[in-house]
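**Student:** Got structure-v5.cif for you, mmCIF, C-alpha atoms (C1' of nucleotides):
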data_final
loop_
_atom_site.label_atom_id
_atom_site.label_comp_id
_atom_site.auth_asym_id
_atom_site.auth_seq_id
_atom_site.Cartn_x
_atom_site.Cartn_y
_atom_site.Cartn_z
CA MET A 358 -6.07 -82.23 -164.54
CA LYS A 359 -3.48 -84.97 -164.39
CA LYS A 360 -4.89 -88.44 -163.91
CA LEU A 361 -2.50 -90.94 -162.46
CA GLU A 362 -1.87 -92.70 -159.24
CA ILE A 363 -0.13 -90.36 -156.86
CA THR A 364 1.02 -91.10 -153.35
CA TYR A 365 1.29 -88.06 -151.09
CA LYS A 366 1.74 -88.22 -147.33
CA GLU A 367 0.96 -91.93 -147.35
CA LYS A 368 -2.39 -91.47 -149.05
CA GLU A 369 -3.26 -92.35 -152.61
CA PHE A 370 -4.94 -90.07 -155.11
CA TYR A 371 -6.18 -90.80 -158.58
CA THR A 372 -6.48 -87.23 -159.80
CA SER A 373 -4.64 -84.03 -159.04
CA LYS A 374 -8.01 -82.49 -158.21
CA ASP A 375 -8.42 -84.90 -155.30
CA LEU A 376 -4.87 -84.15 -154.20
CA ALA A 377 -5.66 -80.45 -154.31
CA LEU A 378 -8.79 -80.92 -152.25
CA SER A 379 -6.92 -82.85 -149.59
CA VAL A 380 -4.48 -79.95 -149.25
CA ILE A 381 -6.92 -77.03 -149.24
CA GLY A 382 -10.00 -78.83 -147.91
CA GLY A 383 -9.58 -78.09 -144.19
CA ARG A 384 -12.30 -76.21 -142.39
CA TRP A 385 -10.41 -72.90 -142.23
CA LYS A 386 -7.76 -73.24 -144.89
CA ILE A 387 -9.41 -71.23 -147.63
CA ALA A 388 -10.12 -68.51 -145.08
CA ILE A 389 -6.48 -68.48 -143.99
CA ILE A 390 -5.23 -68.41 -147.56
CA TRP A 391 -7.67 -65.63 -148.37
CA CYS A 392 -6.28 -63.61 -145.45
CA LEU A 393 -2.72 -64.10 -146.55
CA LEU A 394 -3.55 -63.22 -150.14
CA GLN A 395 -4.85 -59.88 -148.95
CA GLN A 396 -1.92 -59.11 -146.70
CA SER A 397 1.37 -60.85 -146.13
CA PRO A 398 3.23 -61.54 -143.97
CA LEU A 399 0.95 -61.73 -140.97
CA ARG A 400 1.67 -62.60 -137.38
CA LEU A 401 -0.39 -65.30 -135.72
CA SER A 402 -2.12 -62.70 -133.57
CA GLU A 403 -3.00 -60.69 -136.67
CA ILE A 404 -4.57 -63.69 -138.37
CA GLN A 405 -6.55 -64.32 -135.21
CA GLU A 406 -7.94 -60.80 -135.38
CA LYS A 407 -8.98 -61.27 -138.97
CA LEU A 408 -10.58 -64.65 -138.31
CA PRO A 409 -12.20 -64.26 -134.91
CA ASP A 410 -14.35 -67.38 -135.33
CA VAL A 411 -11.34 -69.68 -135.42
CA ASN A 412 -9.95 -70.59 -132.04
CA GLN A 413 -6.21 -70.36 -131.64
CA ARG A 414 -5.57 -74.08 -131.36
CA MET A 415 -7.43 -74.74 -134.60
CA LEU A 416 -5.76 -71.89 -136.39
CA ILE A 417 -2.33 -73.15 -135.46
CA ARG A 418 -3.18 -76.67 -136.53
CA GLN A 419 -4.42 -75.57 -139.91
CA LEU A 420 -1.39 -73.33 -140.36
CA ARG A 421 0.88 -76.22 -139.46
CA GLU A 422 -0.76 -78.43 -142.06
CA LEU A 423 -0.44 -75.73 -144.67
CA GLU A 424 3.20 -75.37 -143.72
CA ASP A 425 3.76 -79.12 -144.02
CA ASP A 426 2.28 -78.94 -147.51
CA HIS A 427 4.55 -75.98 -148.37
CA ILE A 428 1.60 -73.67 -148.99
CA VAL A 429 2.57 -71.34 -146.17
CA THR A 430 6.01 -70.35 -144.91
CA ARG A 431 6.67 -69.70 -141.26
CA PHE A 432 9.32 -67.28 -139.99
CA VAL A 433 10.29 -67.34 -136.35
CA TYR A 434 11.99 -64.27 -134.92
CA PRO A 435 14.14 -65.19 -131.93
CA VAL A 436 12.86 -62.41 -129.71
CA VAL A 437 10.96 -62.20 -126.47
CA PRO A 438 8.00 -62.15 -126.50
CA PRO A 439 7.98 -64.50 -129.48
CA LYS A 440 7.20 -63.19 -132.93
CA VAL A 441 6.18 -65.48 -135.78
CA GLU A 442 5.16 -64.45 -139.25
CA TYR A 443 3.25 -66.42 -141.85
CA GLU A 444 3.41 -65.90 -145.58
CA LEU A 445 2.14 -67.71 -148.67
CA SER A 446 4.74 -69.61 -150.66
CA GLU A 447 5.01 -69.40 -154.42
CA ILE A 448 2.66 -72.36 -154.91
CA GLY A 449 0.42 -70.99 -152.20
CA ARG A 450 0.04 -67.68 -153.99
CA ARG A 451 -1.10 -69.56 -157.07
CA LEU A 452 -4.25 -70.48 -155.16
CA GLU A 453 -5.50 -66.98 -155.85
CA PRO A 454 -7.72 -68.09 -158.79
CA VAL A 455 -9.25 -70.80 -156.64
CA VAL A 456 -10.10 -68.41 -153.84
CA THR A 457 -11.34 -65.77 -156.25
CA SER A 458 -13.60 -68.15 -158.13
CA ILE A 459 -15.08 -69.41 -154.86
CA CYS A 460 -15.75 -65.83 -153.74
CA ASN A 461 -17.36 -64.98 -157.08
CA TRP A 462 -19.55 -68.02 -157.03
CA GLY A 463 -20.51 -67.31 -153.44
CA ASP A 464 -21.77 -63.89 -154.51
CA GLN A 465 -23.78 -65.40 -157.33
CA PHE A 466 -25.20 -68.07 -155.07
CA LEU A 467 -26.18 -65.49 -152.51
CA ASN A 468 -27.99 -63.43 -155.14
CA HIS A 469 -29.72 -66.56 -156.26
CA VAL A 470 -30.85 -67.41 -152.73
CA GLU A 471 -32.05 -63.87 -152.06
CA LYS A 472 -33.97 -63.77 -155.33
CA ASN A 473 -35.77 -67.02 -154.47
CA GLU A 474 -36.57 -65.73 -150.99
CA ASN A 475 -38.17 -62.60 -152.41
CA GLU A 476 -40.24 -64.63 -154.85
CA SER A 477 -41.53 -66.91 -152.13
CA HIS A 478 -42.51 -63.89 -150.01
CA SER A 479 -44.75 -62.40 -152.72
CA MET B 1126 -17.22 -61.16 -152.16
CA LYS B 1127 -20.23 -59.85 -150.32
CA LYS B 1128 -19.69 -59.26 -146.63
CA LEU B 1129 -22.81 -59.25 -144.53
CA GLU B 1130 -24.60 -61.42 -142.10
CA ILE B 1131 -26.44 -64.12 -143.98
CA THR B 1132 -28.64 -66.84 -142.52
CA TYR B 1133 -28.92 -69.93 -144.67
CA LYS B 1134 -30.41 -73.22 -143.50
CA GLU B 1135 -30.35 -72.01 -139.90
CA LYS B 1136 -26.64 -71.27 -139.95
CA GLU B 1137 -25.03 -67.87 -140.00
CA PHE B 1138 -22.34 -66.73 -142.40
CA TYR B 1139 -20.37 -63.54 -142.48
CA THR B 1140 -19.09 -63.78 -146.03
CA SER B 1141 -20.44 -65.29 -149.21
CA LYS B 1142 -17.18 -67.25 -149.46
CA ASP B 1143 -18.03 -69.11 -146.25
CA LEU B 1144 -21.53 -69.72 -147.54
CA ALA B 1145 -20.07 -71.11 -150.74
CA LEU B 1146 -17.76 -73.41 -148.83
CA SER B 1147 -20.59 -74.77 -146.75
CA VAL B 1148 -22.44 -75.69 -149.93
CA ILE B 1149 -19.61 -77.24 -151.93
CA GLY B 1150 -17.42 -78.41 -149.07
CA GLY B 1151 -18.67 -81.97 -148.71
CA ARG B 1152 -16.25 -84.82 -149.12
CA TRP B 1153 -17.42 -85.80 -152.62
CA LYS B 1154 -19.29 -82.74 -153.84
CA ILE B 1155 -16.62 -81.29 -156.07
CA ALA B 1156 -16.12 -84.74 -157.56
CA ILE B 1157 -19.85 -85.07 -158.25
CA ILE B 1158 -20.04 -81.59 -159.74
CA TRP B 1159 -17.00 -82.33 -161.87
CA CYS B 1160 -18.73 -85.47 -163.19
CA LEU B 1161 -21.90 -83.60 -164.05
CA LEU B 1162 -19.97 -80.80 -165.73
CA GLN B 1163 -18.44 -83.36 -168.06
CA GLN B 1164 -21.68 -85.15 -168.85
CA SER B 1165 -25.27 -84.40 -168.00
CA PRO B 1166 -27.73 -85.75 -167.19
CA LEU B 1167 -26.44 -88.86 -165.47
CA ARG B 1168 -28.26 -91.69 -163.76
CA LEU B 1169 -27.26 -92.61 -160.23
CA SER B 1170 -25.74 -95.85 -161.47
CA GLU B 1171 -23.69 -93.92 -164.02
CA ILE B 1172 -22.29 -91.57 -161.39
CA GLN B 1173 -21.41 -94.61 -159.31
CA GLU B 1174 -19.40 -96.01 -162.20
CA LYS B 1175 -17.51 -92.75 -162.60
CA LEU B 1176 -16.82 -92.42 -158.87
CA PRO B 1177 -16.13 -95.99 -157.74
CA ASP B 1178 -14.58 -94.86 -154.43
CA VAL B 1179 -17.83 -93.36 -153.20
CA ASN B 1180 -20.23 -95.83 -151.69
CA GLN B 1181 -23.82 -95.59 -152.79
CA ARG B 1182 -25.19 -94.35 -149.49
CA MET B 1183 -22.71 -91.51 -149.37
CA LEU B 1184 -23.24 -90.61 -153.00
CA ILE B 1185 -26.99 -90.35 -152.49
CA ARG B 1186 -26.55 -88.24 -149.37
CA GLN B 1187 -24.24 -85.79 -151.09
CA LEU B 1188 -26.56 -85.62 -154.09
CA ARG B 1189 -29.51 -84.96 -151.80
CA GLU B 1190 -27.65 -82.11 -150.12
CA LEU B 1191 -26.73 -80.63 -153.49
CA GLU B 1192 -30.36 -80.96 -154.50
CA ASP B 1193 -31.51 -79.19 -151.33
CA ASP B 1194 -29.13 -76.36 -152.15
CA HIS B 1195 -30.48 -76.22 -155.72
CA ILE B 1196 -27.10 -77.06 -157.24
CA VAL B 1197 -28.35 -80.31 -158.76
CA THR B 1198 -31.75 -81.16 -160.19
CA ARG B 1199 -33.26 -84.59 -159.86
CA PHE B 1200 -35.65 -86.12 -162.37
CA VAL B 1201 -37.56 -89.24 -161.45
CA TYR B 1202 -39.00 -91.34 -164.26
CA PRO B 1203 -42.03 -93.31 -163.05
CA VAL B 1204 -40.93 -96.62 -164.54
CA VAL B 1205 -39.98 -100.02 -163.22
CA PRO B 1206 -37.17 -100.58 -162.50
CA PRO B 1207 -36.75 -96.98 -161.28
CA LYS B 1208 -34.83 -94.45 -163.35
CA VAL B 1209 -33.51 -91.22 -161.87
CA GLU B 1210 -31.40 -88.63 -163.60
CA TYR B 1211 -29.24 -85.90 -162.08
CA GLU B 1212 -28.28 -82.67 -163.74
CA LEU B 1213 -26.59 -79.42 -162.72
CA SER B 1214 -28.84 -76.43 -162.30
CA GLU B 1215 -28.05 -73.00 -163.72
CA ILE B 1216 -26.25 -71.94 -160.54
CA GLY B 1217 -24.60 -75.34 -160.37
CA ARG B 1218 -23.13 -74.98 -163.84
CA ARG B 1219 -21.57 -71.71 -162.75
CA LEU B 1220 -19.29 -73.70 -160.48
CA GLU B 1221 -17.27 -74.59 -163.55
CA PRO B 1222 -14.60 -71.92 -162.87
CA VAL B 1223 -14.22 -73.19 -159.30
CA VAL B 1224 -13.72 -76.78 -160.39
CA THR B 1225 -11.42 -75.76 -163.22
CA SER B 1226 -9.21 -73.61 -161.04
CA ILE B 1227 -8.91 -76.39 -158.47
CA CYS B 1228 -7.91 -78.85 -161.21
CA ASN B 1229 -5.35 -76.42 -162.59
CA TRP B 1230 -3.85 -75.74 -159.21
CA GLY B 1231 -3.78 -79.46 -158.49
CA ASP B 1232 -1.66 -79.97 -161.61
CA GLN B 1233 0.71 -77.21 -160.56
CA PHE B 1234 0.94 -78.56 -157.03
CA LEU B 1235 1.67 -82.03 -158.33
CA ASN B 1236 4.47 -80.71 -160.54
CA HIS B 1237 5.82 -78.87 -157.54
CA VAL B 1238 5.77 -82.00 -155.39
CA GLU B 1239 7.40 -84.10 -158.09
CA LYS B 1240 10.11 -81.51 -158.66
CA ASN B 1241 10.97 -81.44 -154.94
CA GLU B 1242 11.05 -85.24 -154.83
CA ASN B 1243 13.55 -85.35 -157.69
CA GLU B 1244 15.74 -82.76 -156.03
CA SER B 1245 15.79 -84.66 -152.74
CA HIS B 1246 16.80 -87.85 -154.58
CA SER B 1247 19.90 -86.29 -156.14
"C1'" DG C 161 -45.32 -117.18 -156.26
"C1'" DG C 162 -40.38 -115.93 -156.67
"C1'" DC C 163 -37.10 -113.09 -158.73
"C1'" DA C 164 -34.99 -109.42 -161.19
"C1'" DA C 165 -33.17 -104.36 -161.59
"C1'" DT C 166 -32.74 -99.66 -159.76
"C1'" DA C 167 -32.96 -96.19 -156.42
"C1'" DC C 168 -33.32 -95.39 -152.01
"C1'" DT C 169 -33.76 -95.35 -146.50
"C1'" DG C 170 -32.96 -96.36 -141.42
"C1'" DA C 171 -30.11 -97.63 -137.77
"C1'" DC C 172 -25.86 -97.89 -136.26
"C1'" DA C 173 -20.50 -97.98 -136.03
"C1'" DT C 174 -16.48 -95.76 -136.97
"C1'" DT C 175 -13.46 -92.21 -138.19
"C1'" DT C 176 -12.19 -87.59 -138.71
"C1'" DT C 177 -12.47 -83.05 -137.52
"C1'" DT C 178 -13.02 -79.54 -134.46
"C1'" DG C 179 -13.18 -77.40 -129.95
"C1'" DT C 180 -11.79 -76.72 -124.93
"C1'" DC C 181 -8.85 -76.40 -121.19
"C1'" DA C 182 -4.80 -76.06 -118.84
"C1'" DG C 183 -0.09 -75.39 -119.10
"C1'" DC C 184 4.84 -74.40 -120.96
"C1'" DA C 185 8.79 -71.46 -122.71
"C1'" DA C 186 11.55 -67.19 -123.15
"C1'" DG C 187 13.71 -63.14 -121.04
"C1'" DG C 188 12.98 -58.37 -119.75
"C1'" DA C 189 10.28 -55.05 -116.69
"C1'" DG C 190 8.79 -53.91 -112.34
"C1'" DC D 1056 11.17 -63.16 -107.52
"C1'" DT D 1057 6.89 -62.57 -110.10
"C1'" DC D 1058 4.50 -61.15 -113.92
"C1'" DC D 1059 3.95 -60.08 -118.67
"C1'" DT D 1060 3.37 -61.22 -123.67
"C1'" DT D 1061 3.21 -64.29 -127.62
"C1'" DG D 1062 3.22 -68.57 -129.69
"C1'" DC D 1063 2.64 -73.00 -128.97
"C1'" DT D 1064 1.57 -78.09 -127.17
"C1'" DG D 1065 -0.79 -82.20 -124.86
"C1'" DA D 1066 -4.71 -84.50 -123.27
"C1'" DC D 1067 -9.14 -84.96 -123.71
"C1'" DA D 1068 -14.28 -84.06 -125.10
"C1'" DA D 1069 -17.68 -83.17 -128.40
"C1'" DA D 1070 -19.49 -82.95 -132.76
"C1'" DA D 1071 -19.68 -83.81 -137.49
"C1'" DA D 1072 -18.76 -86.50 -141.37
"C1'" DT D 1073 -18.44 -90.75 -143.42
"C1'" DG D 1074 -19.01 -95.71 -143.98
"C1'" DT D 1075 -21.54 -100.32 -143.45
"C1'" DC D 1076 -25.25 -103.30 -143.43
"C1'" DA D 1077 -29.61 -104.82 -144.00
"C1'" DG D 1078 -33.85 -103.86 -145.85
"C1'" DT D 1079 -37.87 -101.41 -148.79
"C1'" DA D 1080 -40.53 -100.28 -153.07
"C1'" DT D 1081 -41.95 -101.02 -157.78
"C1'" DT D 1082 -43.98 -104.22 -161.50
"C1'" DG D 1083 -43.23 -107.16 -165.26
"C1'" DC D 1084 -41.41 -111.79 -166.44
"C1'" DC D 1085 -40.83 -116.70 -165.91
#
For this file, produce the structure as structure tokens.
**Tutor:**
Amino acid sequence: MKKLEITYKEKEFYTSKDLALSVIGGRWKIAIIWCLLQQSPLRLSEIQEKLPDVNQRMLIRQLRELEDDHIVTRFVYPVVPPKVEYELSEIGRRLEPVVTSICNWGDQFLNHVEKNENESHS
Amino acid sequence: MKKLEITYKEKEFYTSKDLALSVIGGRWKIAIIWCLLQQSPLRLSEIQEKLPDVNQRMLIRQLRELEDDHIVTRFVYPVVPPKVEYELSEIGRRLEPVVTSICNWGDQFLNHVEKNENESHS
DNA sequence: GGCAATACTGACATTTTTGTCAGCAAGGAG
DNA sequence: CTCCTTGCTGACAAAAATGTCAGTATTGCC
């Protein structure tokens, strides 16, 4: 991890880890990236189907932020009705180890929680 | 990643990834975990020195949440003045791949940003 | 008694994030 | 004309996260 003073989008960061967290730390961003790692490109409506808990407004906002950070690329097809496709960029695809390690740890944590529950029930 | 309906601390999760994010998603949690991966145990005052941007109140709150989730263990020494040490639990230490992959991606992202800046200056 | 050092808490203010609702744009189909 | 679909935006409300400030407890030392 690089350690130096970085200015990105008018905010200052002291480590690249903190910079990373500011980019992928949004409420639904890991979920969106996880979707797009599984299948790409996806239309907005398709992402909505895969993430039914996220309301459209929120989804668009998070996608827009990811686009601003060049994690996601947006293709607009000039047709009616509109068609827009989202895809991970090169740097976005490199988030795969992050998403994978979070998923793996989540599984381990869940096992851990379930084990403790069983013990407390006995 | 396990996919099932999980209830944890009165909230419902559909994937273990979302559960994981709810546990490690606090503003300073990755930073705290990163600290404790480097050196353990640490006293509160030592963590404060390593994370000067986090105010004490916030640091204690995040530590308490991590403790409630069994990520961090807290040892109180019954002395005056008080001495308290924090340490990662077994499941907490397994977050090392998550932290490492975030750091690595942060480095790559930073290189990416710097490269684009240079290109736009030419 | 008064003070020191460390860890911590309560009450509250502020900021940030997230959610909700209504509405717009495009052009073809009916 | 009017409606349809899809993607999107603005204004605002609500909730959650974070930050600030003052204050507590302990007990040994001067």
**Student:** Residues of chain C that approach chain B to 10 Å or less, counting all atoms listed in the file: could you list each one with the shortest pair of atoms and its distance in Å to one decimal, rows by chain and increasing residue number, as a tab-separated table?
**Tutor:**
residue	atom	partner	partner_atom	distance
C:DA164	C1'	B:Pro1206	CA	9.2
C:DA165	C1'	B:Pro1206	CA	5.6
C:DT166	C1'	B:Pro1207	CA	5.1
C:DA167	C1'	B:Pro1207	CA	6.2
C:DC168	C1'	B:Ile1185	CA	8.1
C:DT169	C1'	B:Arg1182	CA	9.1
**Student:** I need the chosen residues saved as a short mmCIF file (atom, residue, chain, number, x, y, z; two decimals), in the coordinates of the input, with C-alpha atoms (C1' of nucleotides).
**Tutor:**
data_model
loop_
_atom_site.label_atom_id
_atom_site.label_comp_id
_atom_site.auth_asym_id
_atom_site.auth_seq_id
_atom_site.Cartn_x
_atom_site.Cartn_y
_atom_site.Cartn_z
"C1'" DA C 164 -34.99 -109.42 -161.19
"C1'" DA C 165 -33.17 -104.36 -161.59
"C1'" DT C 166 -32.74 -99.66 -159.76
"C1'" DA C 167 -32.96 -96.19 -156.42
"C1'" DC C 168 -33.32 -95.39 -152.01
"C1'" DT C 169 -33.76 -95.35 -146.50
#
**Student:** Please determine the contact residues of chain D with respect to chain B at a cut-off of 9 Å, counting all atoms listed in the file, and supply them as a ChimeraX atom specification.
**Tutor:** /D:1072-1074,1081-1083
**Student:** For the residues selected in the previous step, produce a file with C-alpha atoms (C1' of nucleotides) as a CSV table (one decimal), keeping the file's coordinate frame.
**Tutor:**
chain,number,residue,atom,x,y,z
D,1072,DA,C1',-18.8,-86.5,-141.4
D,1073,DT,C1',-18.4,-90.8,-143.4
D,1074,DG,C1',-19.0,-95.7,-144.0
D,1081,DT,C1',-42.0,-101.0,-157.8
D,1082,DT,C1',-44.0,-104.2,-161.5
D,1083,DG,C1',-43.2,-107.2,-165.3
**Student:** Which distance in Å separates atom CA of Gly1231 of chain B and atom CA of Lys374 of chain A, to one decimal?
**Tutor:**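 Atom-to-atom, atom CA of Gly1231 of chain B to atom CA of Lys374 of chain A, that is 5.2 Å.
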**Student:** May I ask for the distance between atom CA of Tyr365 of chain A and atom C1' of DT177 of chain C, given in Å to one decimal place?
**Tutor:**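 Interatomic distance here is 20.0 Å.
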**Student:** Any chance you could resolve the PyMOL selection byres ((chain B) within 8 of (chain A)) against this file and give the residues as a list of chain:residue names?
**Tutor:**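 Against this file, the PyMOL selection byres ((chain B) within 8 of (chain A)) returns the residues B:Met1126, B:Lys1127, B:Ser1141, B:Lys1142, B:Asp1143, B:Leu1144, B:Ala1145, B:Leu1146, B:Gly1150, B:Ile1216, B:Arg1219, B:Leu1220, B:Pro1222, B:Val1223, B:Ser1226, B:Ile1227, B:Cys1228, B:Asn1229, B:Trp1230, B:Gly1231, B:Asp1232, B:Gln1233, B:Phe1234, B:Leu1235, B:His1237.
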**Student:** Could you tell me how far atom CA of Lys368 of chain A sits from atom C1' of DT1075 of chain D, in Å to one decimal place?
**Tutor:**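 About the pair atom C1' of DT1075 of chain D and atom CA of Lys368 of chain A: they are 21.8 Å apart.
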**Student:** Show which residues sit within 12 Å of DA1066 of chain D, as a ChimeraX atom specification. Count all atoms listed in the file, and ignore same-chain residues fewer than 5 positions away.
**Tutor:** /C:180-183
**Student:** Can you show chain B as an mmCIF file with C-alpha atoms, in the frame of the given file once it has been least-squares superposed onto chain A, using every C-alpha atom paired in order?
**Tutor:**
data_model
loop_
_atom_site.group_PDB
_atom_site.id
_atom_site.type_symbol
_atom_site.label_atom_id
_atom_site.label_comp_id
_atom_site.auth_asym_id
_atom_site.auth_seq_id
_atom_site.Cartn_x
_atom_site.Cartn_y
_atom_site.Cartn_z
ATOM 1 C CA MET B 1126 -6.115 -82.248 -164.583
ATOM 2 C CA LYS B 1127 -3.520 -84.967 -164.399
ATOM 3 C CA LYS B 1128 -4.911 -88.447 -163.941
ATOM 4 C CA LEU B 1129 -2.526 -90.950 -162.460
ATOM 5 C CA GLU B 1130 -1.896 -92.710 -159.247
ATOM 6 C CA ILE B 1131 -0.159 -90.355 -156.871
ATOM 7 C CA THR B 1132 1.016 -91.107 -153.346
ATOM 8 C CA TYR B 1133 1.278 -88.071 -151.117
ATOM 9 C CA LYS B 1134 1.754 -88.218 -147.354
ATOM 10 C CA GLU B 1135 0.956 -91.931 -147.360
ATOM 11 C CA LYS B 1136 -2.396 -91.461 -149.049
ATOM 12 C CA GLU B 1137 -3.265 -92.354 -152.599
ATOM 13 C CA PHE B 1138 -4.947 -90.078 -155.106
ATOM 14 C CA TYR B 1139 -6.188 -90.799 -158.570
ATOM 15 C CA THR B 1140 -6.488 -87.234 -159.794
ATOM 16 C CA SER B 1141 -4.641 -84.035 -159.037
ATOM 17 C CA LYS B 1142 -8.022 -82.483 -158.205
ATOM 18 C CA ASP B 1143 -8.431 -84.892 -155.287
ATOM 19 C CA LEU B 1144 -4.892 -84.147 -154.187
ATOM 20 C CA ALA B 1145 -5.672 -80.448 -154.302
ATOM 21 C CA LEU B 1146 -8.800 -80.920 -152.236
ATOM 22 C CA SER B 1147 -6.941 -82.851 -149.590
ATOM 23 C CA VAL B 1148 -4.511 -79.961 -149.236
ATOM 24 C CA ILE B 1149 -6.938 -77.042 -149.203
ATOM 25 C CA GLY B 1150 -9.995 -78.814 -147.841
ATOM 26 C CA GLY B 1151 -9.580 -78.078 -144.147
ATOM 27 C CA ARG B 1152 -12.291 -76.212 -142.326
ATOM 28 C CA TRP B 1153 -10.429 -72.881 -142.200
ATOM 29 C CA LYS B 1154 -7.759 -73.234 -144.864
ATOM 30 C CA ILE B 1155 -9.410 -71.229 -147.595
ATOM 31 C CA ALA B 1156 -10.130 -68.519 -145.045
ATOM 32 C CA ILE B 1157 -6.482 -68.467 -143.953
ATOM 33 C CA ILE B 1158 -5.249 -68.412 -147.536
ATOM 34 C CA TRP B 1159 -7.687 -65.630 -148.339
ATOM 35 C CA CYS B 1160 -6.288 -63.605 -145.417
ATOM 36 C CA LEU B 1161 -2.711 -64.096 -146.535
ATOM 37 C CA LEU B 1162 -3.556 -63.223 -150.128
ATOM 38 C CA GLN B 1163 -4.856 -59.878 -148.926
ATOM 39 C CA GLN B 1164 -1.919 -59.111 -146.666
ATOM 40 C CA SER B 1165 1.385 -60.831 -146.120
ATOM 41 C CA PRO B 1166 3.238 -61.538 -143.976
ATOM 42 C CA LEU B 1167 0.973 -61.732 -140.955
ATOM 43 C CA ARG B 1168 1.701 -62.600 -137.355
ATOM 44 C CA LEU B 1169 -0.365 -65.298 -135.693
ATOM 45 C CA SER B 1170 -2.076 -62.701 -133.531
ATOM 46 C CA GLU B 1171 -2.965 -60.695 -136.632
ATOM 47 C CA ILE B 1172 -4.554 -63.689 -138.339
ATOM 48 C CA GLN B 1173 -6.515 -64.313 -135.160
ATOM 49 C CA GLU B 1174 -7.900 -60.790 -135.318
ATOM 50 C CA LYS B 1175 -8.966 -61.261 -138.924
ATOM 51 C CA LEU B 1176 -10.558 -64.654 -138.257
ATOM 52 C CA PRO B 1177 -12.184 -64.254 -134.837
ATOM 53 C CA ASP B 1178 -14.326 -67.395 -135.261
ATOM 54 C CA VAL B 1179 -11.305 -69.672 -135.374
ATOM 55 C CA ASN B 1180 -9.907 -70.598 -132.008
ATOM 56 C CA GLN B 1181 -6.175 -70.354 -131.600
ATOM 57 C CA ARG B 1182 -5.535 -74.073 -131.341
ATOM 58 C CA MET B 1183 -7.377 -74.754 -134.562
ATOM 59 C CA LEU B 1184 -5.731 -71.870 -136.363
ATOM 60 C CA ILE B 1185 -2.277 -73.131 -135.433
ATOM 61 C CA ARG B 1186 -3.135 -76.664 -136.510
ATOM 62 C CA GLN B 1187 -4.395 -75.557 -139.899
ATOM 63 C CA LEU B 1188 -1.365 -73.316 -140.357
ATOM 64 C CA ARG B 1189 0.930 -76.198 -139.456
ATOM 65 C CA GLU B 1190 -0.743 -78.421 -142.037
ATOM 66 C CA LEU B 1191 -0.429 -75.715 -144.677
ATOM 67 C CA GLU B 1192 3.210 -75.352 -143.711
ATOM 68 C CA ASP B 1193 3.777 -79.104 -144.035
ATOM 69 C CA ASP B 1194 2.280 -78.943 -147.510
ATOM 70 C CA HIS B 1195 4.541 -75.990 -148.379
ATOM 71 C CA ILE B 1196 1.599 -73.665 -148.993
ATOM 72 C CA VAL B 1197 2.579 -71.327 -146.163
ATOM 73 C CA THR B 1198 6.015 -70.349 -144.914
ATOM 74 C CA ARG B 1199 6.709 -69.682 -141.277
ATOM 75 C CA PHE B 1200 9.355 -67.282 -140.015
ATOM 76 C CA VAL B 1201 10.326 -67.341 -136.370
ATOM 77 C CA TYR B 1202 12.047 -64.281 -134.936
ATOM 78 C CA PRO B 1203 14.215 -65.233 -131.949
ATOM 79 C CA VAL B 1204 12.954 -62.462 -129.688
ATOM 80 C CA VAL B 1205 11.064 -62.248 -126.434
ATOM 81 C CA PRO B 1206 8.110 -62.175 -126.458
ATOM 82 C CA PRO B 1207 8.062 -64.522 -129.477
ATOM 83 C CA LYS B 1208 7.279 -63.197 -132.941
ATOM 84 C CA VAL B 1209 6.241 -65.478 -135.785
ATOM 85 C CA GLU B 1210 5.199 -64.449 -139.250
ATOM 86 C CA TYR B 1211 3.262 -66.427 -141.852
ATOM 87 C CA GLU B 1212 3.408 -65.911 -145.570
ATOM 88 C CA LEU B 1213 2.147 -67.710 -148.673
ATOM 89 C CA SER B 1214 4.722 -69.605 -150.664
ATOM 90 C CA GLU B 1215 5.001 -69.412 -154.445
ATOM 91 C CA ILE B 1216 2.645 -72.363 -154.912
ATOM 92 C CA GLY B 1217 0.402 -70.969 -152.203
ATOM 93 C CA ARG B 1218 0.014 -67.660 -154.001
ATOM 94 C CA ARG B 1219 -1.139 -69.555 -157.066
ATOM 95 C CA LEU B 1220 -4.277 -70.474 -155.163
ATOM 96 C CA GLU B 1221 -5.527 -66.971 -155.845
ATOM 97 C CA PRO B 1222 -7.731 -68.065 -158.789
ATOM 98 C CA VAL B 1223 -9.288 -70.787 -156.628
ATOM 99 C CA VAL B 1224 -10.142 -68.390 -153.826
ATOM 100 C CA THR B 1225 -11.362 -65.751 -156.251
ATOM 101 C CA SER B 1226 -13.632 -68.110 -158.133
ATOM 102 C CA ILE B 1227 -15.129 -69.384 -154.883
ATOM 103 C CA CYS B 1228 -15.799 -65.801 -153.756
ATOM 104 C CA ASN B 1229 -17.390 -64.949 -157.089
ATOM 105 C CA TRP B 1230 -19.588 -67.999 -157.067
ATOM 106 C CA GLY B 1231 -20.546 -67.287 -153.471
ATOM 107 C CA ASP B 1232 -21.806 -63.858 -154.542
ATOM 108 C CA GLN B 1233 -23.809 -65.379 -157.372
ATOM 109 C CA PHE B 1234 -25.229 -68.064 -155.111
ATOM 110 C CA LEU B 1235 -26.220 -65.476 -152.545
ATOM 111 C CA ASN B 1236 -28.024 -63.417 -155.186
ATOM 112 C CA HIS B 1237 -29.760 -66.572 -156.300
ATOM 113 C CA VAL B 1238 -30.878 -67.402 -152.767
ATOM 114 C CA GLU B 1239 -32.087 -63.868 -152.126
ATOM 115 C CA LYS B 1240 -34.007 -63.785 -155.394
ATOM 116 C CA ASN B 1241 -35.807 -67.043 -154.539
ATOM 117 C CA GLU B 1242 -36.625 -65.743 -151.061
ATOM 118 C CA ASN B 1243 -38.239 -62.627 -152.518
ATOM 119 C CA GLU B 1244 -40.268 -64.675 -154.957
ATOM 120 C CA SER B 1245 -41.556 -66.974 -152.219
ATOM 121 C CA HIS B 1246 -42.615 -63.944 -150.151
ATOM 122 C CA SER B 1247 -44.831 -62.510 -152.891
#
